[in-house]
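Enquirer: This structure is in structure tokens; I'll ask about it shortly.
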Amino acid sequence: MKDLPVYKRNTWIFYITQFLHSLVFTIPIWIVYYQGKITVAEISYLVTIQYLSQMFLELPSGALADLIGRKNTNLVGWIIGAASFFLFPLATNFYHFLILALMVGLNDSFRSGSEEALLYDTYKQADKENEYDKVYGN
């Protein structure tokens, strides 16, 4: 991978990270796991809070990406996401899960724009902007 141009290397990294992020083995059992610790109503609140936090943190995380760089923002998102998933087994009540839902929302807001922007920037630098849509579509 060392000999690849930067835009091709970043394309492979993008594909791999998208695959790994989508490869969540907990999805079939997450509702059952939650129900052992909290109520269905609380689960609904958590899902809402997670998506609202992601939505409201999109703009600030984008501004942060402009300040500290897209790669750094993306890395921070992955670290927050990994930490939240390692903390899930330790959660025992609604408030623990609330903090985790906020962390997952923050992770998603940090990653969402910075990954695509970083990939687009590398295609733009390589003067191959016209190929970005196809790569992102894949």
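By convention in this document, the chains of the structure tokens carry letters A, B, ... by their order, each chain's residues are numbered from 1, and ligands are numbered from 1 in the order they are shown.
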Using only C-alpha atoms, which residues sit within 12 Å of Glu115 of chain A once same-chain residues fewer than 5 positions away are excluded, as a VMD selection string?
Expert: chain A and resid 10 to 11 13 to 18 62 65 69 to 78 107 to 110 120 to 122 136
Enquirer: What lies within 10 Å of Leu100 of chain A using only C-alpha atoms, ignoring chain neighbours under 2 positions off, as a PyMOL selection string?
Expert: chain A and resi 46+50+80-81+83-85+87-88+91+94-98+102-106
